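The structure appears below as structure tokens.
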Amino acid sequence: MGSLVSNKLIREPLKKGSSIDHLEYVDSTPIIGREYPTAKLKDMINAPNANEQLRDLAITICERGVVFFRAPQDDLSIEEQKHITDMLGKLTGRPEGHGLHVHPLYNDPNNLPMADGTTDKNIYVINSEAAKKLYATMKNRPDSSKEPRDLSREWHSDSLFENCPSDFSFLRMQDTPATGGDTLWVSGYELYDRLSPPFQRFLETLTATCAQPVFESACRAGAYEVTSPRGSPLNVGYEFSPSHPVIRTHPVTGWKSVFAGVGLHVSRINDVYSWEDYMIRDYIMRLITRNHDCVARMHWTRGACALWSNICTLHAATPDVHLVEGIRTGVRASGIGEKPYLDPASTGRREALGLPRF
């Protein structure tokens with residue numbers, strides 16, 4: 001898959017090489033996702049051309065949105081998982097001084113340790129039971145209502161509450177029930193391309209406030225310090241309400257994507273009336289629910305991995321593991337990219353690739 005090339009762009013898109021062409025893969029859908037059924041990430045980082053392979057993997061992730069490694073990656077250490085996540089960003093132009101994210105509530109005593117009993121500031125342990133304790137101060141928690149849950153609240157991209165949000169994330173599932181807990185990713189590129197040209201131009205003028213007051217309330221309730229800095233000198237203190245563009249440009253591909261238009265971390269669309277804010281966010285959510293061909297779904301198996309670009313995807317976990325026996329536990333590392341921007345010279349994915357609009 002090619003990338004847009006134009007001298008007018010703020011950043012020249014990167015071209016993928018052929019270093020990982022030998023790996024067996026199948027695309028999850030024509031639009032989003034790619035699965036490597038047999039490849040081992042350990043082999044990739046031990047190869048003589050490891051950086052070349054990681055760079056090509058990073059560009060593949062940015063073009064496909066998310067990639068899956070199905071074969072168990074149990075031989076990969078936590079340090080190696082962190083190294084891969086960090087290099088994906090460094091090899092594709094992450095700003096100097098930016099690295100791996102540190103969760104704001106890392107100092108919380110309710111943070112779940114990893115399987116070996118240790119903690120790591122750059123690793124967030126995914127566990128539904130631990131999350132209930134960690135976010136006990138969150139108002140209107142999805143599971144606090146007596147009504148069926150609105151699962152549209154699950155959609156998000158990682159660290160959108162930071163001035164500089166996450167670029168790449170890498171989740172490895174250590175344990176999972178035989179069924180339940182699937183994760184879905186939707187292509188922000190395709191959501192943008194499903195908008196009419198006039199509505200594209202309108203949304204390109206908008207920003208959104210992405211506030212998460214739960215972090216400050218949790219720290220004050222637990223009497224501990226918020227973690228700071230968090231992967232960037234721009235992510236400090238209690239600065240958890242940045243404004244981000246509703247439509248942004250992916251610096252690696254040069255393609256436009258719906259970014260801060262909907263989801264868990266978007267508190268409101270700026271500079272419009274309340275009802276207009278509701279209509280815009282509701283319409284973008286309808287684009288997700290009415291266009292499931294834009295979605296890739298991962299049924300987790302033990303040791304499987306997902307690596308994705310938060311710049312051009314939103315994802316949502318399926319909260320149904322309470323219906324089955326077993327605990328869903330994973331370890332995630334995330335990098336921190338640049339401050340989001342919209343490049344007026346960029347285009348949508350379909351236009352860049354010469355694809356029909358529909």
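Numbering starts fresh at 1 for the residues of each chain in the structure tokens, the chains themselves are lettered A, B, ... in the order given, and ligands are numbered from 1 as they appear.
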Checklist entry - So which residues touch A:Pro30 within 12 Å, counting only C-alpha atoms, skipping near sequence neighbours fewer than 4 positions away, as number ranges by chain? => result A: 1, 26, 34, 63-65, 187, 190, 292-296, 355
Next on the checklist: Need the shell around A:Ala50: protein/DNA/RNA residues with any atom at most 12 Å away, counting only C-alpha atoms. Skip same-chain ones fewer than 2 positions apart. Format as a PyMOL selection string?
Outcome noted: chain A and resi 19-20+41-48+52-57+83-84+87-88+91
Checklist entry - Do you know which residues are at most 10 Å from A:Ile280 counting only C-alpha atoms, after dropping those on the same chain fewer than 5 positions away, and could you put them as an NGL selection string? => result :A and (203 or 261-262 or 268-269 or 272 or 275 or 285-286)
Deliver the residues from the most recent selection as a file, using C-alpha atoms, as an mmCIF file, in the first residue's frame.
data_model
loop_
_atom_site.group_PDB
_atom_site.id
_atom_site.type_symbol
_atom_site.label_atom_id
_atom_site.label_comp_id
_atom_site.auth_asym_id
_atom_site.auth_seq_id
_atom_site.Cartn_x
_atom_site.Cartn_y
_atom_site.Cartn_z
ATOM 1 C CA LEU A 203 -15.014 19.331 10.859
ATOM 2 C CA GLY A 261 -14.416 13.611 17.380
ATOM 3 C CA VAL A 262 -15.920 11.007 19.673
ATOM 4 C CA ARG A 268 -16.994 18.442 24.108
ATOM 5 C CA ILE A 269 -16.525 19.923 20.649
ATOM 6 C CA VAL A 272 -20.301 25.174 19.009
ATOM 7 C CA TRP A 275 -26.873 20.648 20.917
ATOM 8 C CA MET A 285 -20.536 7.493 16.513
ATOM 9 C CA ARG A 286 -23.244 6.570 14.014
#
Checklist entry - In Å, how far is it from atom CA of A:Tyr273 to atom CA of A:Ile247? => result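 Atom CA of A:Ile247 lies at a distance of 19.0 Å from atom CA of A:Tyr273.
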Checklist entry - For A:Asp193, which of A:Glu351, A:Glu338, A:Asp27, A:Asp343 is the closest residue, counting only C-alpha atoms? => result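 Checking each candidate against A:Asp193, we get A:Glu351 as the closest.
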Next on the checklist: Would you pick out the contacts of A:Cys219 at 9 Å or less, using only C-alpha atoms, so that residues sharing its chain but fewer than 3 positions from it are not included, and give the list as a list in words?
Outcome noted: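 Once the adjacent positions are removed, what remains is Pro104, Leu105, Asn107, Asp108, Val214, Phe215, Glu216, Gly222, Ala223, Tyr224, Glu225 and Val226 of chain A.
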Next on the checklist: Would you compute the distance between atom CA of A:Arg297 and atom CA of A:Ser309? Give it in Å to one decimal.
Outcome noted: 15.1 Å
Checklist outcome for this item: In terms of only C-alpha atoms, the residue from A:Thr318, A:Thr313, A:Ser241, A:Gln174 at minimal distance from A:Ile32 is A:Thr313
Next on the checklist: Rounded to one decimal, what separation in Å do you get between atom CA of A:Tyr283 and atom CA of A:Cys312?
Outcome noted: 18.1 Å
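The environment of A:Pro72 within 8 Å, counting only C-alpha atoms and disregarding residues fewer than 3 places along the same chain, consists of Phe69, Arg302, Gly303, Ala304 and Cys305 of chain A.
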Checklist outcome for this item: Restricting to only C-alpha atoms, whichever of A:Thr60, A:Asn51, A:Thr207, A:Thr227 is closest to A:Val266 is A:Thr207
Item to check | Members of stretch 160-283 of chain A assigned strand (DSSP E) by DSSP, as a ChimeraX atom specification | outcome: /A:166-175,183-187,207-209,243-245,247-249,256-258,268-269
Could you please take those selected residues and save C-alpha atoms as a PDB file, in the first residue's frame?
ATOM      1  CA  SER A 166       0.101   8.266  22.257  1.00  0.00           C
ATOM      2  CA  ASP A 167       1.393   7.364  18.818  1.00  0.00           C
ATOM      3  CA  PHE A 168       1.870   3.562  19.022  1.00  0.00           C
ATOM      4  CA  SER A 169       0.470   1.081  21.534  1.00  0.00           C
ATOM      5  CA  PHE A 170       1.470  -2.541  22.019  1.00  0.00           C
ATOM      6  CA  LEU A 171      -0.818  -4.880  23.984  1.00  0.00           C
ATOM      7  CA  ARG A 172       0.185  -8.451  24.803  1.00  0.00           C
ATOM      8  CA  MET A 173      -2.510 -10.692  26.282  1.00  0.00           C
ATOM      9  CA  GLN A 174      -1.031 -12.795  29.070  1.00  0.00           C
ATOM     10  CA  ASP A 175      -4.224 -14.577  30.070  1.00  0.00           C
ATOM     11  CA  THR A 183     -11.133  -5.669  21.151  1.00  0.00           C
ATOM     12  CA  LEU A 184     -12.369  -3.697  18.139  1.00  0.00           C
ATOM     13  CA  TRP A 185     -10.513  -1.053  16.142  1.00  0.00           C
ATOM     14  CA  VAL A 186     -12.121   1.387  13.719  1.00  0.00           C
ATOM     15  CA  SER A 187     -10.268   3.224  10.957  1.00  0.00           C
ATOM     16  CA  THR A 207     -11.163  21.228  17.905  1.00  0.00           C
ATOM     17  CA  ALA A 208     -12.349  19.233  20.910  1.00  0.00           C
ATOM     18  CA  THR A 209     -11.598  19.437  24.615  1.00  0.00           C
ATOM     19  CA  SER A 243      -7.760  20.786  22.867  1.00  0.00           C
ATOM     20  CA  HIS A 244      -7.067  18.535  19.894  1.00  0.00           C
ATOM     21  CA  PRO A 245      -8.176  18.767  16.251  1.00  0.00           C
ATOM     22  CA  ILE A 247      -9.512  15.895  12.094  1.00  0.00           C
ATOM     23  CA  ARG A 248      -5.744  15.395  12.116  1.00  0.00           C
ATOM     24  CA  THR A 249      -3.024  14.424   9.667  1.00  0.00           C
ATOM     25  CA  LYS A 256      -6.382  12.702   7.195  1.00  0.00           C
ATOM     26  CA  SER A 257      -8.188  10.881   9.996  1.00  0.00           C
ATOM     27  CA  VAL A 258     -11.069  11.513  12.374  1.00  0.00           C
ATOM     28  CA  ARG A 268     -16.994  18.442  24.108  1.00  0.00           C
ATOM     29  CA  ILE A 269     -16.525  19.923  20.649  1.00  0.00           C
TER      30      ILE A 269
END
Item to check | Residue set, stretch 145-282 of chain A restricted to helix (DSSP H, G or I), as a PyMOL selection string | outcome: chain A and resi 151-154+188-193+197-203+214-222+274-282
Next on the checklist: Under the rule that only C-alpha atoms are counted, which of A:Glu276, A:Asp271, A:Glu35, A:Glu162 is the nearest residue to A:Pro229?
Outcome noted: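 Of the candidates, the smallest distance to A:Pro229 is held by A:Glu162.
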